[in-house]
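S.K.: Quick one, work-v4.pdb (PDB, C-alpha atoms, pLDDT in the B column):
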```
MODEL        1
ATOM      1  CA  MET A   1     159.854  92.809  92.286  1.00 58.00           C
ATOM      2  CA  THR A   2     162.075  95.744  93.266  1.00 91.00           C
ATOM      3  CA  SER A   3     162.229  96.329  97.023  1.00 95.00           C
ATOM      4  CA  ILE A   4     163.506  99.130  99.219  1.00 97.00           C
ATOM      5  CA  ASP A   5     163.650  99.976 102.906  1.00 98.00           C
ATOM      6  CA  LEU A   6     161.981 103.188 104.073  1.00 98.00           C
ATOM      7  CA  ASN A   7     163.670 104.844 107.060  1.00 97.00           C
ATOM      8  CA  ALA A   8     163.153 108.006 109.081  1.00 96.00           C
ATOM      9  CA  ASP A   9     164.997 109.788 111.898  1.00 95.00           C
ATOM     10  CA  LEU A  10     162.960 109.388 115.087  1.00 96.00           C
ATOM     11  CA  GLY A  11     163.124 110.253 118.773  1.00 96.00           C
ATOM     12  CA  GLU A  12     164.549 113.675 117.955  1.00 94.00           C
ATOM     13  CA  GLY A  13     163.344 115.500 121.025  1.00 88.00           C
ATOM     14  CA  PHE A  14     164.724 116.285 124.454  1.00 89.00           C
ATOM     15  CA  GLY A  15     162.823 116.600 127.718  1.00 85.00           C
ATOM     16  CA  ARG A  16     159.531 118.398 127.057  1.00 83.00           C
ATOM     17  CA  TRP A  17     160.601 119.390 123.548  1.00 84.00           C
ATOM     18  CA  ARG A  18     159.566 117.083 120.700  1.00 84.00           C
ATOM     19  CA  LEU A  19     160.416 117.419 117.031  1.00 83.00           C
ATOM     20  CA  THR A  20     159.272 114.225 115.322  1.00 86.00           C
ATOM     21  CA  ASP A  21     155.844 112.543 115.232  1.00 92.00           C
ATOM     22  CA  ASP A  22     157.271 109.179 116.215  1.00 94.00           C
ATOM     23  CA  GLU A  23     153.978 107.347 116.526  1.00 95.00           C
ATOM     24  CA  GLY A  24     152.741 108.576 113.167  1.00 95.00           C
ATOM     25  CA  LEU A  25     155.956 107.741 111.320  1.00 96.00           C
ATOM     26  CA  LEU A  26     156.236 104.304 112.922  1.00 97.00           C
ATOM     27  CA  SER A  27     152.966 103.369 111.241  1.00 96.00           C
ATOM     28  CA  ILE A  28     154.616 103.935 107.841  1.00 97.00           C
ATOM     29  CA  VAL A  29     158.385 103.353 107.848  1.00 98.00           C
ATOM     30  CA  THR A  30     160.142 100.000 107.965  1.00 98.00           C
ATOM     31  CA  SER A  31     163.273 101.168 109.815  1.00 98.00           C
ATOM     32  CA  ALA A  32     163.668 103.748 112.594  1.00 98.00           C
ATOM     33  CA  ASN A  33     166.899 105.706 113.064  1.00 98.00           C
ATOM     34  CA  VAL A  34     166.626 106.480 116.775  1.00 98.00           C
ATOM     35  CA  ALA A  35     168.521 109.460 118.221  1.00 98.00           C
ATOM     36  CA  CYS A  36     170.810 108.265 121.001  1.00 98.00           C
ATOM     37  CA  GLY A  37     171.137 111.382 123.148  1.00 97.00           C
ATOM     38  CA  PHE A  38     174.061 113.171 121.499  1.00 97.00           C
ATOM     39  CA  HIS A  39     172.257 115.328 118.914  1.00 97.00           C
ATOM     40  CA  ALA A  40     168.742 114.730 120.269  1.00 97.00           C
ATOM     41  CA  GLY A  41     166.871 112.180 122.341  1.00 96.00           C
ATOM     42  CA  ASP A  42     166.952 111.268 125.998  1.00 97.00           C
ATOM     43  CA  PRO A  43     166.415 108.013 127.934  1.00 97.00           C
ATOM     44  CA  PRO A  44     162.588 108.238 128.219  1.00 96.00           C
ATOM     45  CA  THR A  45     162.294 109.101 124.525  1.00 96.00           C
ATOM     46  CA  MET A  46     164.639 106.300 123.470  1.00 98.00           C
ATOM     47  CA  ARG A  47     162.670 103.825 125.571  1.00 98.00           C
ATOM     48  CA  ARG A  48     159.319 104.987 124.195  1.00 97.00           C
ATOM     49  CA  VAL A  49     160.402 104.843 120.554  1.00 97.00           C
ATOM     50  CA  CYS A  50     161.891 101.373 120.983  1.00 98.00           C
ATOM     51  CA  GLU A  51     158.670 100.133 122.553  1.00 98.00           C
ATOM     52  CA  LEU A  52     156.553 101.611 119.749  1.00 98.00           C
ATOM     53  CA  ALA A  53     158.878 100.202 117.094  1.00 98.00           C
ATOM     54  CA  ALA A  54     158.786  96.741 118.653  1.00 98.00           C
ATOM     55  CA  GLU A  55     154.973  96.812 118.812  1.00 98.00           C
ATOM     56  CA  ARG A  56     154.750  97.687 115.121  1.00 97.00           C
ATOM     57  CA  GLY A  57     157.500  95.438 113.818  1.00 97.00           C
ATOM     58  CA  VAL A  58     159.743  98.320 112.755  1.00 98.00           C
ATOM     59  CA  THR A  59     163.483  97.686 112.720  1.00 98.00           C
ATOM     60  CA  VAL A  60     165.476  99.768 115.228  1.00 98.00           C
ATOM     61  CA  GLY A  61     168.742 101.447 114.292  1.00 98.00           C
ATOM     62  CA  ALA A  62     171.112 103.637 116.305  1.00 98.00           C
ATOM     63  CA  GLN A  63     171.531 107.125 114.854  1.00 98.00           C
ATOM     64  CA  VAL A  64     174.906 108.168 116.224  1.00 98.00           C
ATOM     65  CA  SER A  65     176.312 111.677 116.061  1.00 98.00           C
ATOM     66  CA  TYR A  66     178.800 114.163 117.373  1.00 98.00           C
ATOM     67  CA  ARG A  67     178.067 115.360 120.915  1.00 97.00           C
ATOM     68  CA  ASP A  68     176.150 118.474 119.854  1.00 97.00           C
ATOM     69  CA  LEU A  69     172.695 118.934 121.391  1.00 94.00           C
ATOM     70  CA  ALA A  70     172.736 122.698 120.870  1.00 93.00           C
ATOM     71  CA  GLY A  71     173.507 122.367 117.154  1.00 95.00           C
ATOM     72  CA  PHE A  72     171.342 119.279 116.553  1.00 93.00           C
ATOM     73  CA  GLY A  73     174.448 117.416 115.461  1.00 93.00           C
ATOM     74  CA  ARG A  74     174.753 119.518 112.323  1.00 93.00           C
ATOM     75  CA  ARG A  75     177.811 121.582 113.274  1.00 95.00           C
ATOM     76  CA  ALA A  76     181.264 120.595 112.062  1.00 92.00           C
ATOM     77  CA  MET A  77     183.395 119.239 114.898  1.00 96.00           C
ATOM     78  CA  ASP A  78     186.886 117.771 115.241  1.00 95.00           C
ATOM     79  CA  VAL A  79     186.795 114.822 117.620  1.00 97.00           C
ATOM     80  CA  PRO A  80     189.897 112.666 118.218  1.00 98.00           C
ATOM     81  CA  PRO A  81     189.385 109.223 116.631  1.00 98.00           C
ATOM     82  CA  ALA A  82     189.668 107.221 119.865  1.00 98.00           C
ATOM     83  CA  GLU A  83     187.163 109.529 121.556  1.00 98.00           C
ATOM     84  CA  LEU A  84     184.755 109.351 118.627  1.00 98.00           C
ATOM     85  CA  ALA A  85     184.924 105.551 118.528  1.00 98.00           C
ATOM     86  CA  ALA A  86     184.105 105.392 122.243  1.00 98.00           C
ATOM     87  CA  GLU A  87     181.211 107.826 121.838  1.00 98.00           C
ATOM     88  CA  VAL A  88     179.760 105.850 118.927  1.00 98.00           C
ATOM     89  CA  ALA A  89     179.939 102.638 120.967  1.00 98.00           C
ATOM     90  CA  TYR A  90     178.395 104.418 123.962  1.00 98.00           C
ATOM     91  CA  GLN A  91     175.407 105.578 121.916  1.00 98.00           C
ATOM     92  CA  ILE A  92     174.808 102.131 120.425  1.00 98.00           C
ATOM     93  CA  GLY A  93     175.049 100.533 123.861  1.00 98.00           C
ATOM     94  CA  ALA A  94     172.599 102.987 125.409  1.00 98.00           C
ATOM     95  CA  LEU A  95     169.979 102.348 122.742  1.00 98.00           C
ATOM     96  CA  GLU A  96     170.532  98.588 122.930  1.00 98.00           C
ATOM     97  CA  VAL A  97     169.428  98.578 126.582  1.00 98.00           C
ATOM     98  CA  PHE A  98     166.035 100.030 125.663  1.00 98.00           C
ATOM     99  CA  ALA A  99     165.695  97.935 122.518  1.00 98.00           C
ATOM    100  CA  ARG A 100     166.301  94.716 124.455  1.00 98.00           C
ATOM    101  CA  ALA A 101     163.876  95.758 127.175  1.00 98.00           C
ATOM    102  CA  ALA A 102     161.245  96.303 124.465  1.00 98.00           C
ATOM    103  CA  GLY A 103     161.836  92.855 123.026  1.00 98.00           C
ATOM    104  CA  THR A 104     163.815  93.918 119.987  1.00 98.00           C
ATOM    105  CA  ARG A 105     167.445  94.863 119.251  1.00 98.00           C
ATOM    106  CA  VAL A 106     169.603  97.470 117.574  1.00 98.00           C
ATOM    107  CA  ALA A 107     169.863  96.111 114.048  1.00 98.00           C
ATOM    108  CA  TYR A 108     172.031  98.736 112.312  1.00 98.00           C
ATOM    109  CA  VAL A 109     173.923 102.016 112.756  1.00 98.00           C
ATOM    110  CA  LYS A 110     173.535 105.270 110.851  1.00 98.00           C
ATOM    111  CA  PRO A 111     175.617 108.416 111.437  1.00 98.00           C
ATOM    112  CA  HIS A 112     173.699 111.695 111.690  1.00 97.00           C
ATOM    113  CA  GLY A 113     174.146 115.210 110.378  1.00 94.00           C
ATOM    114  CA  ALA A 114     177.657 116.599 110.336  1.00 96.00           C
ATOM    115  CA  LEU A 115     179.120 113.202 111.159  1.00 98.00           C
ATOM    116  CA  TYR A 116     177.228 111.587 108.271  1.00 96.00           C
ATOM    117  CA  ASN A 117     178.622 114.131 105.832  1.00 94.00           C
ATOM    118  CA  ARG A 118     182.120 114.067 107.307  1.00 97.00           C
ATOM    119  CA  VAL A 119     182.554 110.305 106.912  1.00 98.00           C
ATOM    120  CA  VAL A 120     181.691 110.490 103.220  1.00 96.00           C
ATOM    121  CA  ARG A 121     185.267 111.654 102.554  1.00 96.00           C
ATOM    122  CA  ASP A 122     187.215 111.728 105.842  1.00 97.00           C
ATOM    123  CA  GLU A 123     189.151 108.453 106.220  1.00 98.00           C
ATOM    124  CA  GLU A 124     190.097 109.040 109.847  1.00 98.00           C
ATOM    125  CA  GLN A 125     186.619 109.874 111.082  1.00 98.00           C
ATOM    126  CA  ALA A 126     185.123 107.049 108.988  1.00 98.00           C
ATOM    127  CA  ALA A 127     187.540 104.589 110.559  1.00 98.00           C
ATOM    128  CA  ALA A 128     186.621 105.871 114.027  1.00 98.00           C
ATOM    129  CA  VAL A 129     182.903 105.300 113.382  1.00 98.00           C
ATOM    130  CA  VAL A 130     183.593 101.744 112.233  1.00 98.00           C
ATOM    131  CA  ASP A 131     185.832 101.159 115.254  1.00 98.00           C
ATOM    132  CA  GLY A 132     182.959 102.323 117.460  1.00 98.00           C
ATOM    133  CA  VAL A 133     180.536  99.896 115.816  1.00 98.00           C
ATOM    134  CA  LEU A 134     183.004  97.053 116.317  1.00 98.00           C
ATOM    135  CA  LEU A 135     183.594  98.115 119.919  1.00 98.00           C
ATOM    136  CA  ALA A 136     179.859  97.900 120.587  1.00 97.00           C
ATOM    137  CA  GLY A 137     179.959  94.246 119.505  1.00 92.00           C
ATOM    138  CA  GLY A 138     178.142  92.348 116.796  1.00 86.00           C
ATOM    139  CA  ALA A 139     178.325  92.683 113.038  1.00 94.00           C
ATOM    140  CA  LEU A 140     175.901  95.586 112.766  1.00 98.00           C
ATOM    141  CA  PRO A 141     175.160  96.899 109.267  1.00 98.00           C
ATOM    142  CA  VAL A 142     176.174 100.509 108.582  1.00 98.00           C
ATOM    143  CA  LEU A 143     173.960 102.882 106.575  1.00 98.00           C
ATOM    144  CA  GLY A 144     175.680 105.551 104.532  1.00 97.00           C
ATOM    145  CA  LEU A 145     175.999 107.357 101.234  1.00 96.00           C
ATOM    146  CA  PRO A 146     176.964 105.116  98.277  1.00 96.00           C
ATOM    147  CA  GLY A 147     180.693 105.318  97.640  1.00 94.00           C
ATOM    148  CA  SER A 148     181.400 106.889 101.024  1.00 97.00           C
ATOM    149  CA  ARG A 149     184.546 106.184 103.025  1.00 98.00           C
ATOM    150  CA  VAL A 150     182.524 104.886 105.950  1.00 98.00           C
ATOM    151  CA  LEU A 151     180.901 102.179 103.831  1.00 98.00           C
ATOM    152  CA  GLU A 152     184.278 101.232 102.368  1.00 98.00           C
ATOM    153  CA  ARG A 153     185.765 101.000 105.868  1.00 98.00           C
ATOM    154  CA  ALA A 154     182.800  99.032 107.189  1.00 98.00           C
ATOM    155  CA  ALA A 155     182.961  96.530 104.332  1.00 98.00           C
ATOM    156  CA  GLY A 156     186.708  96.165 104.876  1.00 98.00           C
ATOM    157  CA  ALA A 157     186.038  95.357 108.534  1.00 98.00           C
ATOM    158  CA  GLY A 158     183.531  92.658 107.589  1.00 97.00           C
ATOM    159  CA  LEU A 159     180.419  94.664 108.461  1.00 98.00           C
ATOM    160  CA  PRO A 160     177.357  94.610 106.183  1.00 98.00           C
ATOM    161  CA  VAL A 161     176.829  97.910 104.382  1.00 98.00           C
ATOM    162  CA  VAL A 162     173.559  99.507 103.274  1.00 98.00           C
ATOM    163  CA  PRO A 163     173.759 102.285 100.662  1.00 97.00           C
ATOM    164  CA  GLU A 164     171.179 104.969 101.384  1.00 97.00           C
ATOM    165  CA  ALA A 165     169.424 107.670  99.360  1.00 97.00           C
ATOM    166  CA  PHE A 166     167.434 110.733 100.411  1.00 94.00           C
ATOM    167  CA  ALA A 167     164.077 111.551  98.872  1.00 89.00           C
ATOM    168  CA  ASP A 168     163.972 115.061 100.295  1.00 91.00           C
ATOM    169  CA  ARG A 169     167.569 116.240  99.813  1.00 92.00           C
ATOM    170  CA  ALA A 170     169.196 117.716  96.719  1.00 93.00           C
ATOM    171  CA  TYR A 171     172.215 116.002  95.162  1.00 95.00           C
ATOM    172  CA  THR A 172     175.369 117.298  93.526  1.00 94.00           C
ATOM    173  CA  ASP A 173     176.631 115.970  90.198  1.00 94.00           C
ATOM    174  CA  ARG A 174     179.041 113.764  92.185  1.00 91.00           C
ATOM    175  CA  GLY A 175     176.231 111.960  93.995  1.00 91.00           C
ATOM    176  CA  THR A 176     176.779 113.710  97.325  1.00 91.00           C
ATOM    177  CA  LEU A 177     174.259 115.782  99.252  1.00 92.00           C
ATOM    178  CA  VAL A 178     174.087 119.520  98.643  1.00 93.00           C
ATOM    179  CA  PRO A 179     175.143 121.235 101.925  1.00 87.00           C
ATOM    180  CA  ARG A 180     172.157 122.395 103.967  1.00 84.00           C
ATOM    181  CA  GLY A 181     173.357 125.990 103.945  1.00 83.00           C
ATOM    182  CA  GLN A 182     173.074 126.150 100.161  1.00 89.00           C
ATOM    183  CA  GLU A 183     169.855 127.242  98.471  1.00 88.00           C
ATOM    184  CA  GLY A 184     167.824 124.287  97.202  1.00 89.00           C
ATOM    185  CA  ALA A 185     169.504 121.756  99.494  1.00 91.00           C
ATOM    186  CA  VAL A 186     166.175 120.532 100.864  1.00 90.00           C
ATOM    187  CA  VAL A 187     163.432 119.408  98.472  1.00 90.00           C
ATOM    188  CA  ALA A 188     160.254 120.827  99.984  1.00 85.00           C
ATOM    189  CA  GLU A 189     157.606 120.275  97.306  1.00 91.00           C
ATOM    190  CA  PRO A 190     155.777 117.027  98.259  1.00 92.00           C
ATOM    191  CA  GLU A 191     155.129 115.786  94.728  1.00 95.00           C
ATOM    192  CA  SER A 192     158.815 116.245  93.885  1.00 94.00           C
ATOM    193  CA  VAL A 193     159.812 114.165  96.913  1.00 94.00           C
ATOM    194  CA  VAL A 194     157.358 111.419  95.949  1.00 95.00           C
ATOM    195  CA  ALA A 195     158.486 111.347  92.309  1.00 95.00           C
ATOM    196  CA  ARG A 196     162.173 111.265  93.331  1.00 95.00           C
ATOM    197  CA  SER A 197     161.460 108.344  95.646  1.00 96.00           C
ATOM    198  CA  VAL A 198     160.107 106.270  92.788  1.00 96.00           C
ATOM    199  CA  GLU A 199     162.976 107.306  90.519  1.00 95.00           C
ATOM    200  CA  LEU A 200     165.537 106.270  93.127  1.00 96.00           C
ATOM    201  CA  ALA A 201     163.865 102.943  93.872  1.00 96.00           C
ATOM    202  CA  ARG A 202     163.122 101.877  90.314  1.00 95.00           C
ATOM    203  CA  SER A 203     166.030 103.269  88.292  1.00 94.00           C
ATOM    204  CA  GLY A 204     168.739 103.903  90.866  1.00 95.00           C
ATOM    205  CA  THR A 205     169.093 107.482  89.674  1.00 95.00           C
ATOM    206  CA  VAL A 206     168.197 110.964  90.874  1.00 94.00           C
ATOM    207  CA  THR A 207     168.075 114.332  89.171  1.00 93.00           C
ATOM    208  CA  ALA A 208     170.795 116.529  90.687  1.00 94.00           C
ATOM    209  CA  LEU A 209     170.359 120.209  91.518  1.00 93.00           C
ATOM    210  CA  SER A 210     172.075 121.055  88.233  1.00 93.00           C
ATOM    211  CA  GLY A 211     169.566 118.987  86.261  1.00 93.00           C
ATOM    212  CA  ALA A 212     172.003 116.161  85.556  1.00 95.00           C
ATOM    213  CA  VAL A 213     170.871 112.577  86.128  1.00 95.00           C
ATOM    214  CA  VAL A 214     173.129 110.929  88.714  1.00 94.00           C
ATOM    215  CA  GLU A 215     173.393 107.244  89.614  1.00 94.00           C
ATOM    216  CA  VAL A 216     172.519 106.565  93.268  1.00 94.00           C
ATOM    217  CA  ARG A 217     172.088 102.856  93.929  1.00 93.00           C
ATOM    218  CA  ALA A 218     170.429 102.508  97.318  1.00 96.00           C
ATOM    219  CA  ARG A 219     168.921  99.760  99.467  1.00 97.00           C
ATOM    220  CA  SER A 220     167.291 102.187 101.903  1.00 98.00           C
ATOM    221  CA  LEU A 221     165.429 105.452 101.349  1.00 97.00           C
ATOM    222  CA  CYS A 222     165.279 108.182 104.013  1.00 95.00           C
ATOM    223  CA  VAL A 223     162.468 110.654 104.598  1.00 90.00           C
ATOM    224  CA  HIS A 224     163.465 113.140 107.295  1.00 83.00           C
ATOM    225  CA  GLY A 225     161.251 113.094 110.380  1.00 78.00           C
ATOM    226  CA  ASP A 226     161.793 116.803 111.069  1.00 76.00           C
ATOM    227  CA  THR A 227     160.381 117.868 107.684  1.00 76.00           C
ATOM    228  CA  PRO A 228     157.091 119.800 108.006  1.00 76.00           C
ATOM    229  CA  GLY A 229     154.238 117.369 107.289  1.00 85.00           C
ATOM    230  CA  ALA A 230     156.621 114.423 107.528  1.00 89.00           C
ATOM    231  CA  VAL A 231     153.949 111.832 108.327  1.00 94.00           C
ATOM    232  CA  ASP A 232     151.745 112.692 105.369  1.00 94.00           C
ATOM    233  CA  LEU A 233     154.784 112.912 103.111  1.00 94.00           C
ATOM    234  CA  ALA A 234     156.108 109.517 104.223  1.00 95.00           C
ATOM    235  CA  ARG A 235     152.673 107.997 103.682  1.00 96.00           C
ATOM    236  CA  ARG A 236     152.479 109.410 100.162  1.00 96.00           C
ATOM    237  CA  VAL A 237     155.980 108.144  99.394  1.00 97.00           C
ATOM    238  CA  ARG A 238     155.136 104.626 100.558  1.00 97.00           C
ATOM    239  CA  GLU A 239     151.816 104.541  98.717  1.00 97.00           C
ATOM    240  CA  ARG A 240     153.401 105.718  95.453  1.00 97.00           C
ATOM    241  CA  LEU A 241     156.277 103.245  95.774  1.00 97.00           C
ATOM    242  CA  GLU A 242     153.903 100.344  96.262  1.00 97.00           C
ATOM    243  CA  ALA A 243     151.632 101.547  93.454  1.00 97.00           C
ATOM    244  CA  SER A 244     154.719 101.612  91.217  1.00 96.00           C
ATOM    245  CA  GLY A 245     155.492  97.968  91.924  1.00 96.00           C
ATOM    246  CA  VAL A 246     158.128  98.544  94.601  1.00 97.00           C
ATOM    247  CA  ARG A 247     157.948  96.354  97.696  1.00 97.00           C
ATOM    248  CA  VAL A 248     158.674  98.397 100.849  1.00 97.00           C
ATOM    249  CA  GLU A 249     160.414  96.238 103.439  1.00 97.00           C
ATOM    250  CA  ALA A 250     163.202  96.463 106.018  1.00 96.00           C
ATOM    251  CA  PHE A 251     166.667  95.451 104.841  1.00 91.00           C
ATOM    252  CA  ALA A 252     167.522  93.865 108.219  1.00 72.00           C
TER     253      ALA A 252
ENDMDL
END
```
Let's see the structure in the file written out as structure tokens.
M.R.:
Amino acid sequence: MTSIDLNADLGEGFGRWRLTDDEGLLSIVTSANVACGFHAGDPPTMRRVCELAAERGVTVGAQVSYRDLAGFGRRAMDVPPAELAAEVAYQIGALEVFARAAGTRVAYVKPHGALYNRVVRDEEQAAAVVDGVLLAGGALPVLGLPGSRVLERAAGAGLPVVPEAFADRAYTDRGTLVPRGQEGAVVAEPESVVARSVELARSGTVTALSGAVVEVRARSLCVHGDTPGAVDLARRVRERLEASGVRVEAFA
């Protein structure tokens, strides 16, 4: 039977402001990408999400980003490699404290936003992210876009790699994500998201914005937690996957 991990970005709030329905999503997903305080999240939120994830048997991952609370980690930034490596390690270490206290652990690392897109092609920034994972200790798997520089660097450093696909993002003909500023970058129609999820899981392909069919071999599938109606959408995705003969389970 085909299997795939279902992940979502969680803990994306700050102080009294909350963006994601963490409790609702943790009843559906198999892996939780937890914001570590640089693009969103704060210590109480990180602790709460780790506790909820541990209670429900959901795998915890560190979603690391550029230091950009005001821009939600989606603004392009130039950070010196040594500084970026230290900041990645810092974020992983902070989340690990709360994961351990909850009786679980940080099981993988996923870059967020502008950093995620940057390390698809930028060798220097990709190497810095991998250096940060190594600095944090342990052979943590790295989630990223198939064929990205960060996955190549991680594999070269002996880290497990997990190719990831997005059910609710549009793709270019090259298998990369359409930039968020471009029209059509986010797939909003629920049935389209559900159908794309099954296509990705069963055939390893996705229909690009141009209409071309592009190969995207992924072990994990992301549904964004900040999408309107994210909980209902994630539930529909999981139900359709399972009804299509796809086993939904954590990769780690």
S.K.: Quick one: which stretch 36-107 of chain A residues come within 12 Å of stretch 232-252 of chain A, and what is the nearest atom pair for each with the distance in Å to one decimal, counting only C-alpha atoms, rows ordered by chain and ascending number, as a tab-separated table?
M.R.:
```
residue	atom	partner	partner_atom	distance
A:Gly57	CA	A:Ala250	CA	9.7
A:Val58	CA	A:Ala250	CA	7.8
A:Thr59	CA	A:Ala250	CA	6.8
A:Val60	CA	A:Ala252	CA	9.4
A:Gly61	CA	A:Ala252	CA	9.8
A:Arg105	CA	A:Ala252	CA	11.1
A:Val106	CA	A:Ala252	CA	10.2
A:Ala107	CA	A:Ala252	CA	6.7
```
S.K.: Please produce a file of the residues just selected, as a PDB file, keeping the file's coordinate frame, where the atoms kept are C-alpha atoms.
M.R.:
```
ATOM      1  CA  GLY A  57     157.500  95.438 113.818  1.00 97.00           C
ATOM      2  CA  VAL A  58     159.743  98.320 112.755  1.00 98.00           C
ATOM      3  CA  THR A  59     163.483  97.686 112.720  1.00 98.00           C
ATOM      4  CA  VAL A  60     165.476  99.768 115.228  1.00 98.00           C
ATOM      5  CA  GLY A  61     168.742 101.447 114.292  1.00 98.00           C
ATOM      6  CA  ARG A 105     167.445  94.863 119.251  1.00 98.00           C
ATOM      7  CA  VAL A 106     169.603  97.470 117.574  1.00 98.00           C
ATOM      8  CA  ALA A 107     169.863  96.111 114.048  1.00 98.00           C
TER       9      ALA A 107
END
```
S.K.: Tell me, counting all atoms listed in the file, for each residue of stretch 41-107 of chain A within 7 Å of stretch 112-136 of chain A, which pair of atoms is nearest and how far apart they are in Å to one decimal, in rows ordered by chain and increasing number, as a tab-separated table.
M.R.:
```
residue	atom	partner	partner_atom	distance
A:Gln63	CA	A:His112	CA	6.0
A:Val64	CA	A:His112	CA	5.9
A:Ser65	CA	A:His112	CA	5.1
A:Tyr66	CA	A:Leu115	CA	6.3
A:Gly73	CA	A:Gly113	CA	5.5
A:Arg74	CA	A:Ala114	CA	4.6
A:Arg75	CA	A:Ala114	CA	5.8
A:Ala76	CA	A:Ala114	CA	5.7
A:Pro81	CA	A:Ala128	CA	5.1
A:Ala82	CA	A:Ala128	CA	6.7
A:Leu84	CA	A:Ala128	CA	6.1
A:Ala85	CA	A:Gly132	CA	3.9
A:Ala86	CA	A:Gly132	CA	5.8
A:Val88	CA	A:Gly132	CA	5.0
A:Ala89	CA	A:Gly132	CA	4.6
A:Ile92	CA	A:Ala136	CA	6.6
A:Gly93	CA	A:Ala136	CA	6.4
```
S.K.: For stretch 12-28 of chain A, find every residue with an atom within 7 Å (counting all atoms listed in the file), except residues of its own chain fewer than 6 positions away, and show them as a list in words.
M.R.: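 After dropping sequence-adjacent residues, the list is Ala35, Ala40, Gly41, Asp42, Val49, Ala53, Val58, Gly225, Asp226, Val231, Ala234 and Arg235 of chain A.
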S.K.: What does the distance from atom CA of A:Val162 to atom CA of A:Val142 come to in Å, to one decimal?
M.R.: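 Going from atom CA of A:Val162 over to atom CA of A:Val142 covers 6.0 Å.
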S.K.: Do you know which residues the PyMOL selection byres ((chain A and resi 95) around 9) returns on this file, as an mmCIF file with C-alpha atoms, keeping the file's coordinate frame?
M.R.:
```cif
data_model
loop_
_atom_site.group_PDB
_atom_site.id
_atom_site.type_symbol
_atom_site.label_atom_id
_atom_site.label_comp_id
_atom_site.auth_asym_id
_atom_site.auth_seq_id
_atom_site.Cartn_x
_atom_site.Cartn_y
_atom_site.Cartn_z
ATOM 1 C CA VAL A 34 166.626 106.480 116.775
ATOM 2 C CA ALA A 35 168.521 109.460 118.221
ATOM 3 C CA CYS A 36 170.810 108.265 121.001
ATOM 4 C CA PRO A 43 166.415 108.013 127.934
ATOM 5 C CA MET A 46 164.639 106.300 123.470
ATOM 6 C CA ARG A 47 162.670 103.825 125.571
ATOM 7 C CA CYS A 50 161.891 101.373 120.983
ATOM 8 C CA GLY A 61 168.742 101.447 114.292
ATOM 9 C CA ALA A 62 171.112 103.637 116.305
ATOM 10 C CA TYR A 90 178.395 104.418 123.962
ATOM 11 C CA GLN A 91 175.407 105.578 121.916
ATOM 12 C CA ILE A 92 174.808 102.131 120.425
ATOM 13 C CA GLY A 93 175.049 100.533 123.861
ATOM 14 C CA ALA A 94 172.599 102.987 125.409
ATOM 15 C CA GLU A 96 170.532 98.588 122.930
ATOM 16 C CA VAL A 97 169.428 98.578 126.582
ATOM 17 C CA PHE A 98 166.035 100.030 125.663
ATOM 18 C CA ALA A 99 165.695 97.935 122.518
ATOM 19 C CA ARG A 100 166.301 94.716 124.455
ATOM 20 C CA ARG A 105 167.445 94.863 119.251
ATOM 21 C CA VAL A 106 169.603 97.470 117.574
#
```
S.K.: Distance atom CA of A:Pro146-atom CA of A:Gly211, one decimal place?
M.R.: 19.8 Å
S.K.: Counting only C-alpha atoms, figure out which residue out of A:Pro80, A:Pro163, A:Gly158, A:Gly37 gets nearest to A:Asp68.
M.R.: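 Ranked by minimum distance to A:Asp68, first place goes to A:Gly37.
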S.K.: Counting all atoms listed in the file, what is within 7 Å of A:Ala218, bar same-chain residues fewer than 6 positions away, as a list of chain:residue names?
M.R.: A:Pro163, A:Glu164, A:Ala165, A:Gly204
S.K.: My list of candidates is A:Ala157, A:Leu145, A:Ala208, A:Leu140. Which is closest to A:Ser220 when distances are computed with only C-alpha atoms?
M.R.: A:Leu145
S.K.: So which one's closest to A:Val150, A:Val178, A:Val109, A:Ala32, A:Arg196? Using only C-alpha atoms, please.
M.R.: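 Distance minimum relative to A:Val150 lands on A:Val109.
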S.K.: Identify which of the residues A:Asp168, A:Asp5, A:Glu55, A:Glu83 lies closest to A:Arg67, counting all atoms listed in the file when measuring atom-to-atom distances.
M.R.: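 Distance minimum relative to A:Arg67 lands on A:Glu83.
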S.K.: So how many Å separate atom CA of A:His224 and atom CA of A:Gly11, to one decimal?
M.R.: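 Atom CA of A:Gly11 lies 11.8 Å from atom CA of A:His224.
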S.K.: So, with all atoms listed in the file as the atoms that count, which of A:Gly103, A:Ala8, A:His39, A:Glu87 lies closest to A:Phe72?
M.R.: A:His39
S.K.: Pick from A:Leu69, A:Ala212, A:Leu143, A:Leu159: nearest to A:Pro111, with all atoms listed in the file counted?
M.R.: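 Closest candidate: A:Leu143.
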S.K.: Could I see stretch 72-77 of chain A restored to N, CA and C atoms, set down as a PDB file, keeping the file's coordinate frame?
M.R.:
```pdb
ATOM      1  N   PHE A  72     172.087 120.385 117.150  1.00 93.00           N
ATOM      2  CA  PHE A  72     171.342 119.279 116.553  1.00 93.00           C
ATOM      3  C   PHE A  72     172.259 118.366 115.737  1.00 93.00           C
ATOM      4  N   GLY A  73     173.513 118.314 116.133  1.00 93.00           N
ATOM      5  CA  GLY A  73     174.448 117.416 115.461  1.00 93.00           C
ATOM      6  C   GLY A  73     174.813 117.835 114.058  1.00 93.00           C
ATOM      7  N   ARG A  74     174.502 119.069 113.690  1.00 93.00           N
ATOM      8  CA  ARG A  74     174.753 119.518 112.323  1.00 93.00           C
ATOM      9  C   ARG A  74     175.908 120.504 112.219  1.00 93.00           C
ATOM     10  N   ARG A  75     176.652 120.692 113.314  1.00 95.00           N
ATOM     11  CA  ARG A  75     177.811 121.582 113.274  1.00 95.00           C
ATOM     12  C   ARG A  75     179.083 120.763 113.092  1.00 95.00           C
ATOM     13  N   ALA A  76     179.995 121.281 112.283  1.00 92.00           N
ATOM     14  CA  ALA A  76     181.264 120.595 112.062  1.00 92.00           C
ATOM     15  C   ALA A  76     182.054 120.553 113.358  1.00 92.00           C
ATOM     16  N   MET A  77     182.616 119.401 113.675  1.00 96.00           N
ATOM     17  CA  MET A  77     183.395 119.239 114.898  1.00 96.00           C
ATOM     18  C   MET A  77     184.615 118.383 114.595  1.00 96.00           C
TER      19      MET A  77
END
```
